[in-house]
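Pasting start_7.tsv here (TSV, C-alpha atoms and all ligand atoms):
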chain	number	residue	atom	x	y	z
A	1	MET	CA	21.24	0.39	2.60
A	2	LEU	CA	21.18	4.10	1.85
A	3	ILE	CA	22.91	5.28	-1.29
A	4	GLN	CA	24.90	8.47	-1.02
A	5	SER	CA	24.40	10.93	-3.84
A	6	SER	CA	27.32	13.11	-4.82
A	7	SER	CA	25.51	16.38	-5.32
A	8	PRO	CA	27.60	19.34	-4.16
A	9	ASN	CA	24.57	20.46	-2.18
A	10	ASP	CA	24.56	17.36	-0.03
A	11	PRO	CA	25.47	17.95	3.57
A	12	ALA	CA	29.12	17.61	4.39
A	13	PRO	CA	29.95	14.40	6.27
A	14	SER	CA	30.73	16.48	9.31
A	15	GLU	CA	27.12	17.63	9.38
A	16	ILE	CA	25.65	14.18	9.67
A	17	THR	CA	28.33	12.22	11.44
A	18	PRO	CA	29.10	12.42	15.10
A	19	ARG	CA	32.01	14.82	15.25
A	20	GLN	CA	34.28	12.33	16.93
A	21	ALA	CA	33.78	9.77	14.18
A	22	TYR	CA	34.29	12.38	11.51
A	23	LEU	CA	37.53	13.52	13.03
A	24	ASN	CA	38.74	9.95	13.45
A	25	ARG	CA	38.00	9.19	9.84
A	26	ARG	CA	40.07	12.15	8.77
A	27	GLN	CA	42.81	11.01	11.12
A	28	VAL	CA	42.87	14.35	12.75
A	29	THR	CA	44.32	13.79	16.12
A	30	ALA	CA	45.65	17.14	17.18
A	31	GLY	CA	43.58	18.73	19.86
A	32	LEU	CA	41.17	15.82	19.92
A	33	ALA	CA	41.40	15.26	23.64
A	34	LEU	CA	40.51	18.87	24.27
A	35	MET	CA	37.57	18.75	21.91
A	36	ALA	CA	36.35	15.42	23.23
A	37	ALA	CA	36.28	16.93	26.67
A	38	ALA	CA	33.80	19.58	25.56
A	39	PRO	CA	30.65	17.50	26.14
A	40	GLU	CA	31.94	16.76	29.61
A	41	LEU	CA	32.32	20.48	30.20
A	42	LEU	CA	28.86	21.02	28.87
A	43	ALA	CA	27.40	18.40	31.18
A	44	GLN	CA	29.19	20.05	34.08
A	45	SER	CA	27.95	23.48	33.14
A	46	VAL	CA	24.40	22.20	32.82
A	47	ALA	CA	24.73	20.42	36.15
A	48	GLY	CA	25.98	23.70	37.60
A	49	GLY	CA	22.63	25.23	36.67
A	50	GLY	CA	21.76	28.88	36.71
A	51	LYS	CA	23.65	30.96	34.21
A	52	LEU	CA	24.51	29.94	30.71
A	53	PRO	CA	28.26	29.69	30.69
A	54	ARG	CA	29.98	30.03	27.35
A	55	LEU	CA	32.64	27.43	26.81
A	56	ALA	CA	35.22	29.45	24.96
A	57	ALA	CA	36.97	27.83	22.01
A	58	THR	CA	34.89	24.69	22.18
A	59	PRO	CA	33.89	22.54	19.26
A	60	GLY	CA	31.39	24.89	17.66
A	61	THR	CA	34.14	26.97	16.17
A	62	VAL	CA	36.39	24.03	15.38
A	63	ALA	CA	33.70	21.97	13.69
A	64	GLY	CA	32.47	25.07	11.93
A	65	ALA	CA	35.71	25.33	10.02
A	66	MET	CA	35.16	21.84	8.61
A	67	VAL	CA	31.68	22.10	7.17
A	68	LEU	CA	30.78	23.45	3.76
A	69	ASP	CA	28.05	25.61	5.23
A	70	LYS	CA	29.37	28.18	7.64
A	71	PRO	CA	27.53	28.09	10.97
A	72	THR	CA	25.21	30.98	11.59
A	73	ARG	CA	26.57	33.59	13.95
A	74	TYR	CA	25.71	32.79	17.57
A	75	ALA	CA	24.21	36.26	17.99
A	76	ASP	CA	21.82	35.64	15.07
A	77	ALA	CA	20.85	32.11	16.15
A	78	THR	CA	19.91	33.38	19.60
A	79	SER	CA	18.08	36.58	18.68
A	80	TYR	CA	15.92	35.52	15.71
A	81	ASN	CA	13.70	32.79	17.12
A	82	ASN	CA	10.30	31.20	17.04
A	83	PHE	CA	9.09	30.29	20.51
A	84	TYR	CA	5.46	31.36	20.64
A	85	GLU	CA	5.20	30.75	24.37
A	86	PHE	CA	7.17	34.02	24.62
A	87	GLY	CA	5.44	35.93	21.82
A	88	THR	CA	5.18	35.81	18.06
A	89	ASP	CA	7.83	38.38	17.09
A	90	LYS	CA	11.25	36.99	16.22
A	91	SER	CA	12.85	39.13	18.92
A	92	ASP	CA	10.35	38.19	21.67
A	93	PRO	CA	12.03	34.95	22.84
A	94	ALA	CA	15.43	36.61	23.32
A	95	GLU	CA	13.82	39.50	25.16
A	96	ARG	CA	11.39	37.55	27.31
A	97	ALA	CA	12.60	33.98	27.81
A	98	HIS	CA	14.72	34.91	30.82
A	99	THR	CA	11.62	34.03	32.87
A	100	LEU	CA	11.91	30.37	31.86
A	101	LYS	CA	13.43	28.25	34.63
A	102	PRO	CA	15.33	25.40	32.99
A	103	ARG	CA	16.16	23.80	36.34
A	104	PRO	CA	14.90	21.76	38.06
A	105	TRP	CA	13.44	19.98	35.04
A	106	THR	CA	11.84	16.60	34.51
A	107	VAL	CA	10.88	14.78	31.34
A	108	ALA	CA	8.19	12.11	31.65
A	109	VAL	CA	8.44	9.13	29.31
A	110	GLU	CA	5.12	7.31	29.18
A	111	GLY	CA	2.45	5.57	27.11
A	112	GLU	CA	2.92	2.35	25.17
A	113	CYS	CA	6.22	1.19	26.61
A	114	ALA	CA	7.50	-1.40	29.06
A	115	LYS	CA	9.73	1.02	30.94
A	116	PRO	CA	8.08	4.37	31.46
A	117	GLY	CA	9.89	6.79	33.70
A	118	ARG	CA	10.56	10.31	34.85
A	119	TYR	CA	14.04	11.57	34.10
A	120	ASP	CA	15.46	14.58	35.76
A	121	LEU	CA	17.76	16.64	33.60
A	122	ASP	CA	20.99	15.25	35.03
A	123	ALA	CA	19.84	11.68	34.48
A	124	LEU	CA	18.86	12.53	30.92
A	125	LEU	CA	22.22	14.17	30.27
A	126	LYS	CA	24.08	11.09	31.44
A	127	LEU	CA	21.99	8.64	29.45
A	128	SER	CA	24.31	8.67	26.45
A	129	ALA	CA	27.47	10.41	25.21
A	130	LEU	CA	26.88	13.97	24.03
A	131	GLU	CA	27.97	14.70	20.48
A	132	GLU	CA	28.18	17.84	18.42
A	133	ARG	CA	26.22	17.78	15.15
A	134	VAL	CA	26.17	20.68	12.72
A	135	TYR	CA	22.68	20.67	11.20
A	136	ARG	CA	20.76	23.04	8.99
A	137	LEU	CA	17.42	24.14	10.44
A	138	ARG	CA	14.97	25.31	7.76
A	139	CYS	CA	11.91	27.18	8.97
A	140	VAL	CA	8.61	26.83	7.13
A	141	GLU	CA	8.65	30.64	6.84
A	142	GLY	CA	11.52	30.52	4.35
A	143	TRP	CA	14.68	31.15	6.37
A	144	SER	CA	17.39	28.82	7.53
A	145	MET	CA	20.33	28.60	9.91
A	146	VAL	CA	23.29	26.26	10.40
A	147	ILE	CA	23.86	25.41	14.03
A	148	PRO	CA	26.33	23.20	15.90
A	149	TRP	CA	23.92	21.42	18.22
A	150	ILE	CA	24.90	19.21	21.14
A	151	GLY	CA	22.98	16.15	22.19
A	152	TYR	CA	22.55	12.47	21.38
A	153	SER	CA	20.21	10.50	19.15
A	154	LEU	CA	16.67	10.46	20.48
A	155	SER	CA	16.71	6.71	19.74
A	156	GLU	CA	18.98	6.23	22.78
A	157	LEU	CA	16.20	7.36	25.10
A	158	ILE	CA	13.48	5.54	23.15
A	159	LYS	CA	15.35	2.22	23.27
A	160	ARG	CA	15.57	2.43	27.06
A	161	ALA	CA	11.81	2.90	27.33
A	162	GLU	CA	11.20	-0.34	25.38
A	163	PRO	CA	8.16	0.74	23.34
A	164	THR	CA	5.54	-1.97	22.83
A	165	SER	CA	4.26	-3.12	19.43
A	166	LYS	CA	1.36	-0.71	19.87
A	167	ALA	CA	3.70	2.29	19.88
A	168	LYS	CA	3.35	3.62	16.33
A	169	PHE	CA	4.04	7.30	17.05
A	170	VAL	CA	5.84	9.48	19.57
A	171	GLU	CA	4.14	12.59	20.92
A	172	PHE	CA	6.16	15.45	22.41
A	173	THR	CA	4.57	17.89	24.83
A	174	THR	CA	6.38	21.03	25.86
A	175	LEU	CA	6.12	23.22	28.96
A	176	ALA	CA	3.04	25.41	29.29
A	177	ASP	CA	3.37	27.51	32.43
A	178	ARG	CA	1.76	30.94	32.46
A	179	ALA	CA	4.00	32.05	35.28
A	180	GLN	CA	7.08	31.54	33.11
A	181	MET	CA	5.68	32.06	29.62
A	182	PRO	CA	3.90	35.34	28.86
A	183	GLY	CA	2.92	34.21	25.35
A	184	LEU	CA	0.45	31.68	26.75
A	185	ARG	CA	-1.99	34.54	27.29
A	186	SER	CA	-2.46	34.64	23.54
A	187	ALA	CA	-4.56	31.95	21.85
A	188	VAL	CA	-2.34	31.94	18.76
A	189	LEU	CA	-1.76	28.21	19.30
A	190	GLU	CA	-3.43	25.65	21.51
A	191	TRP	CA	-1.25	25.11	24.59
A	192	PRO	CA	0.72	23.12	25.46
A	193	TYR	CA	2.69	22.98	22.22
A	194	VAL	CA	2.49	19.41	20.92
A	195	GLU	CA	4.43	17.75	18.11
A	196	GLY	CA	4.69	14.18	16.90
A	197	LEU	CA	6.72	11.76	14.84
A	198	ARG	CA	6.20	8.33	13.40
A	199	MET	CA	8.22	5.77	15.37
A	200	ASP	CA	10.73	5.13	12.56
A	201	GLU	CA	11.31	8.87	12.17
A	202	ALA	CA	11.91	9.24	15.89
A	203	MET	CA	14.32	6.28	15.81
A	204	HIS	CA	16.33	7.72	12.92
A	205	PRO	CA	19.86	8.51	14.13
A	206	LEU	CA	19.66	12.09	12.80
A	207	ALA	CA	16.82	12.92	15.22
A	208	LEU	CA	18.69	14.67	18.00
A	209	LEU	CA	17.68	15.05	21.64
A	210	THR	CA	19.38	18.39	22.12
A	211	PHE	CA	20.79	20.01	25.25
A	212	GLY	CA	23.22	22.57	23.89
A	213	MET	CA	24.51	24.57	20.95
A	214	TYR	CA	27.80	26.27	20.10
A	215	GLY	CA	29.48	24.38	22.95
A	216	GLU	CA	27.21	25.68	25.67
A	217	VAL	CA	23.88	24.84	27.24
A	218	LEU	CA	20.80	25.80	25.20
A	219	PRO	CA	19.85	29.42	25.74
A	220	ASN	CA	16.27	29.69	26.98
A	221	GLN	CA	15.07	31.17	23.69
A	222	ASN	CA	16.37	28.13	21.81
A	223	GLY	CA	14.40	25.65	23.92
A	224	ALA	CA	16.26	25.11	27.19
A	225	PRO	CA	16.89	22.77	28.77
A	226	VAL	CA	16.00	20.06	26.25
A	227	ARG	CA	14.49	20.09	22.77
A	228	ILE	CA	14.35	17.99	19.64
A	229	VAL	CA	16.15	18.91	16.41
A	230	LEU	CA	15.00	17.19	13.21
A	231	PRO	CA	17.17	18.53	10.40
A	232	TRP	CA	15.09	17.16	7.51
A	233	LYS	CA	11.78	18.68	8.66
A	234	TYR	CA	10.53	22.23	8.91
A	235	GLY	CA	11.69	23.88	12.12
A	236	PHE	CA	8.35	23.70	13.89
A	237	LYS	CA	8.68	19.92	14.25
A	238	SER	CA	11.71	20.60	16.50
A	239	ALA	CA	9.80	21.06	19.77
A	240	LYS	CA	11.45	23.17	22.48
A	241	SER	CA	11.48	22.81	26.27
A	242	ILE	CA	10.04	19.29	26.27
A	243	VAL	CA	8.38	17.92	29.41
A	244	LYS	CA	6.72	14.76	28.11
A	245	ILE	CA	7.46	12.06	25.56
A	246	ARG	CA	4.56	9.69	25.04
A	247	PHE	CA	4.35	6.54	22.88
A	248	VAL	CA	0.96	6.30	21.21
A	249	GLU	CA	-0.91	4.13	18.75
A	250	LYS	CA	-2.68	6.92	16.85
A	251	GLN	CA	-1.05	9.74	14.92
A	252	PRO	CA	-0.78	12.73	17.30
A	253	ARG	CA	-2.31	16.04	16.30
A	254	SER	CA	0.34	18.71	16.46
A	255	SER	CA	-0.35	22.27	17.59
A	256	TRP	CA	0.33	23.58	14.08
A	257	GLU	CA	-1.96	21.05	12.43
A	258	GLN	CA	-4.61	21.95	14.96
A	259	ALA	CA	-4.20	25.66	14.15
A	260	ALA	CA	-4.13	25.36	10.35
A	261	PRO	CA	-4.43	21.80	8.95
A	262	GLN	CA	-4.46	23.00	5.34
A	263	GLU	CA	-1.08	24.70	5.85
A	264	TYR	CA	0.87	22.44	8.23
A	265	GLY	CA	0.69	18.69	7.74
A	266	PHE	CA	1.86	16.04	10.15
A	267	TYR	CA	4.97	15.12	8.14
A	268	SER	CA	6.26	18.60	7.32
A	269	ASN	CA	9.32	17.32	5.52
A	270	VAL	CA	11.24	20.12	3.85
A	271	ASN	CA	10.06	19.91	0.25
A	272	PRO	CA	10.71	22.63	-2.33
A	273	GLY	CA	8.15	20.94	-4.63
A	274	VAL	CA	5.23	21.50	-2.26
A	275	PRO	CA	4.55	25.21	-1.78
A	276	HIS	CA	2.95	26.45	1.38
A	277	PRO	CA	-0.58	27.58	0.38
A	278	ARG	CA	0.51	31.20	0.84
A	279	TRP	CA	4.13	31.16	-0.42
A	280	SER	CA	6.70	29.16	-2.35
A	281	GLN	CA	9.11	26.83	-0.55
A	282	ALA	CA	11.54	26.71	-3.48
A	283	SER	CA	14.21	28.89	-1.87
A	284	GLU	CA	15.33	30.19	1.48
A	285	ARG	CA	17.12	33.10	3.09
A	286	ARG	CA	20.10	32.12	5.23
A	287	ILE	CA	20.02	34.17	8.41
A	288	GLY	CA	23.09	36.40	8.50
A	289	GLU	CA	23.20	36.69	4.71
A	290	ASP	CA	20.71	39.52	4.62
A	291	GLY	CA	22.73	42.13	2.72
A	292	LEU	CA	21.33	43.96	-0.25
A	293	PHE	CA	23.02	41.58	-2.69
A	294	ALA	CA	22.54	38.38	-0.69
A	295	LYS	CA	21.14	35.65	-2.90
A	296	LYS	CA	18.49	33.29	-1.68
A	297	ARG	CA	19.55	29.65	-1.62
A	298	PRO	CA	17.59	26.92	-3.36
A	299	THR	CA	15.81	24.76	-0.81
A	300	LEU	CA	16.76	21.10	-1.01
A	301	ILE	CA	14.42	18.15	-0.67
A	302	PHE	CA	14.53	16.92	2.93
A	303	ASN	CA	16.69	19.99	3.58
A	304	GLY	CA	19.65	18.20	1.95
A	305	TYR	CA	19.34	15.01	4.01
A	306	GLU	CA	17.61	12.91	1.33
A	307	ALA	CA	20.34	10.28	1.22
A	308	GLN	CA	19.88	9.70	4.93
A	309	VAL	CA	16.10	9.89	5.36
A	310	GLY	CA	14.52	9.46	1.90
A	311	GLN	CA	13.89	5.76	2.45
A	312	LEU	CA	11.59	6.48	5.39
A	313	TYR	CA	9.08	7.85	2.89
A	314	ALA	CA	9.50	5.41	0.00
A	315	GLY	CA	6.15	4.84	-1.69
A	316	MET	CA	4.44	7.76	0.04
A	317	ASP	CA	2.86	10.56	-1.93
A	318	LEU	CA	4.68	13.50	-0.37
A	319	ARG	CA	2.28	16.01	-1.92
A	320	ARG	CA	-0.58	14.46	-0.04
A	321	ASN	CA	1.46	13.59	3.05
A	322	PHE	CA	3.02	17.04	3.33
A	401	LIG	N1	8.74	24.78	20.29
A	401	LIG	C1	7.87	25.38	21.12
A	401	LIG	N2	7.63	24.83	22.32
A	401	LIG	N3	7.20	26.52	20.76
A	401	LIG	C2	7.39	27.11	19.54
A	401	LIG	O1	6.76	28.14	19.25
A	401	LIG	N4	8.56	27.02	17.39
A	401	LIG	C3	9.07	26.10	16.39
A	401	LIG	C4	10.23	25.23	16.93
A	401	LIG	N5	9.91	24.73	18.24
A	401	LIG	C5	8.30	26.49	18.64
A	401	LIG	C6	9.00	25.33	19.06
A	401	LIG	C7	9.50	26.78	15.16
A	401	LIG	S1	8.25	27.45	14.21
A	401	LIG	C8	10.81	26.84	14.77
A	401	LIG	S2	11.23	27.47	13.24
A	401	LIG	C9	11.90	26.40	15.65
A	401	LIG	O2	11.43	26.01	16.94
A	401	LIG	C10	12.91	27.52	15.82
A	401	LIG	O3	14.02	27.12	16.57
A	401	LIG	P1	15.16	28.17	16.90
A	401	LIG	O4	14.49	29.41	17.46
A	401	LIG	O5	16.07	27.51	17.89
A	401	LIG	O6	15.85	28.48	15.60
Translate the structure described by the file into structure tokens.
Amino acid sequence: MLIQSSSPNDPAPSEITPRQAYLNRRQVTAGLALMAAAPELLAQSVAGGGKLPRLAATPGTVAGAMVLDKPTRYADATSYNNFYEFGTDKSDPAERAHTLKPRPWTVAVEGECAKPGRYDLDALLKLSALEERVYRLRCVEGWSMVIPWIGYSLSELIKRAEPTSKAKFVEFTTLADRAQMPGLRSAVLEWPYVEGLRMDEAMHPLALLTFGMYGEVLPNQNGAPVRIVLPWKYGFKSAKSIVKIRFVEKQPRSSWEQAAPQEYGFYSNVNPGVPHPRWSQASERRIGEDGLFAKKRPTLIFNGYEAQVGQLYAGMDLRRNF
């Protein structure tokens, strides 16, 4: 049983609880039907394909009013990105990712499981109820954002695949198509981008299979049409534009580990006590709070989600397993 700590820095319940449950608990009923319909609208808009329709006055704004941390402005969250398949500058993904074609899209589920399969996007969207979750995303570079994501727990998909006892890890492979992704011409990382999780991490309810943000489908630069969001790990573990999920016995080697093993470990849990070899991880800059007098925020262990995920790492030396 996890024990909740009462630190004021802990995430607000609305950040870690499916929005519906949070609202129910607070006995907020007004407007609930409208808000509950938002995932439906999202699914429809995704099914509609093509453009990225904004769903005006959908839960992003409503939920945003209820969390302690104000969500990052949509314009900031969609223009300051890391998506190396489109270049290494923060502005490259927003400028170049229009060449990504998020439909048609298929995700292969394979490896050590009884029920492998290929899911097209619509099938994946219908697999479980979409929820809005407001999570912090903390980049290893020292900045963070607060984003109302839309998706469902990755565990829902994993359970359906029925992993065998040999499945100790999950490996995520993302799209690598030179025709759509100009950044692949650079050898900055080994392509395709690969990330991995231990099975219990992947099964943790906070791990979100993500299709949307701010009440709309994921913009290309944020990893359309489907990505992972792991709020307690550095942002690079949250792989974008996933095409394959594979259950494996051996610990996968992620693209970042491959590129610089001394700097980016497999676990990559947000940890202010373990500096990056080239900079401190003790504090972070919240995107949108960049004014002259903006203070940096102290970085929290597991990005503030210790009460929820700390037990996964009990007994591990997190300095060695960084
Ligand atoms: N996924 C792919 N396929 N390629 C990438 O370069 N960058 C990672 C992660 N997922 C990356 C990726 C990094 S370093 C971060 S910080 C987050 O995406 C950024 O997500 P955001 O742009 O939606 O904030």
Need to verify the contact set: A:Gly87, 9 Å, only C-alpha atoms, exclusion of same-chain residues closer than 6 positions in sequence. Can you return it as a ChimeraX atom specification? /A:93,96,181-184,186
Please report as CSV every residue of chain A lying within 6 Å of ligand LIG 401 (chain A), along with the nearest atom pair and their distance in Å (one decimal), using all atoms listed in the file.
residue,atom,partner,partner_atom,distance
A:Asn81,CA,A:LIG401,O4,3.5
A:Asn82,CA,A:LIG401,N4,4.5
A:Phe83,CA,A:LIG401,O1,3.4
A:Tyr84,CA,A:LIG401,O1,3.7
A:Glu85,CA,A:LIG401,N3,5.9
A:Cys139,CA,A:LIG401,S2,4.3
A:Thr174,CA,A:LIG401,N2,5.3
A:Tyr193,CA,A:LIG401,N2,5.3
A:Asn222,CA,A:LIG401,O5,4.0
A:Gly235,CA,A:LIG401,S2,3.8
A:Phe236,CA,A:LIG401,C7,3.5
A:Ser238,CA,A:LIG401,N5,4.8
A:Ala239,CA,A:LIG401,N1,3.9
A:Lys240,CA,A:LIG401,N1,3.8
A:Ser241,CA,A:LIG401,N2,5.9
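Between A:Asp122 and the candidates A:Ala77, A:Val226, A:Ala94, A:Ala202, the tightest atom-to-atom separation, counting all atoms listed in the file, involves A:Val226.
Of note, atom CA of A:Pro225 and atom CA of A:Pro102 are spaced 5.2 Å apart.
As for atom CA of A:Trp191 and atom CA of A:Trp256, they are spaced 10.7 Å apart.
You will find atom CA of A:Ile301 at 12.2 Å from atom CA of A:Pro275.
In terms of minimum interatomic distance to A:Asn271, A:Gly142 ranks closest within A:Ile287, A:Arg253, A:Gly142, A:Glu201, counting only C-alpha atoms.
Comparing the minimum interatomic distances between A:Glu263 and each of A:Glu289, A:Glu284, A:Glu306, A:Glu141, counting all atoms listed in the file, we find that A:Glu141 sits nearest.
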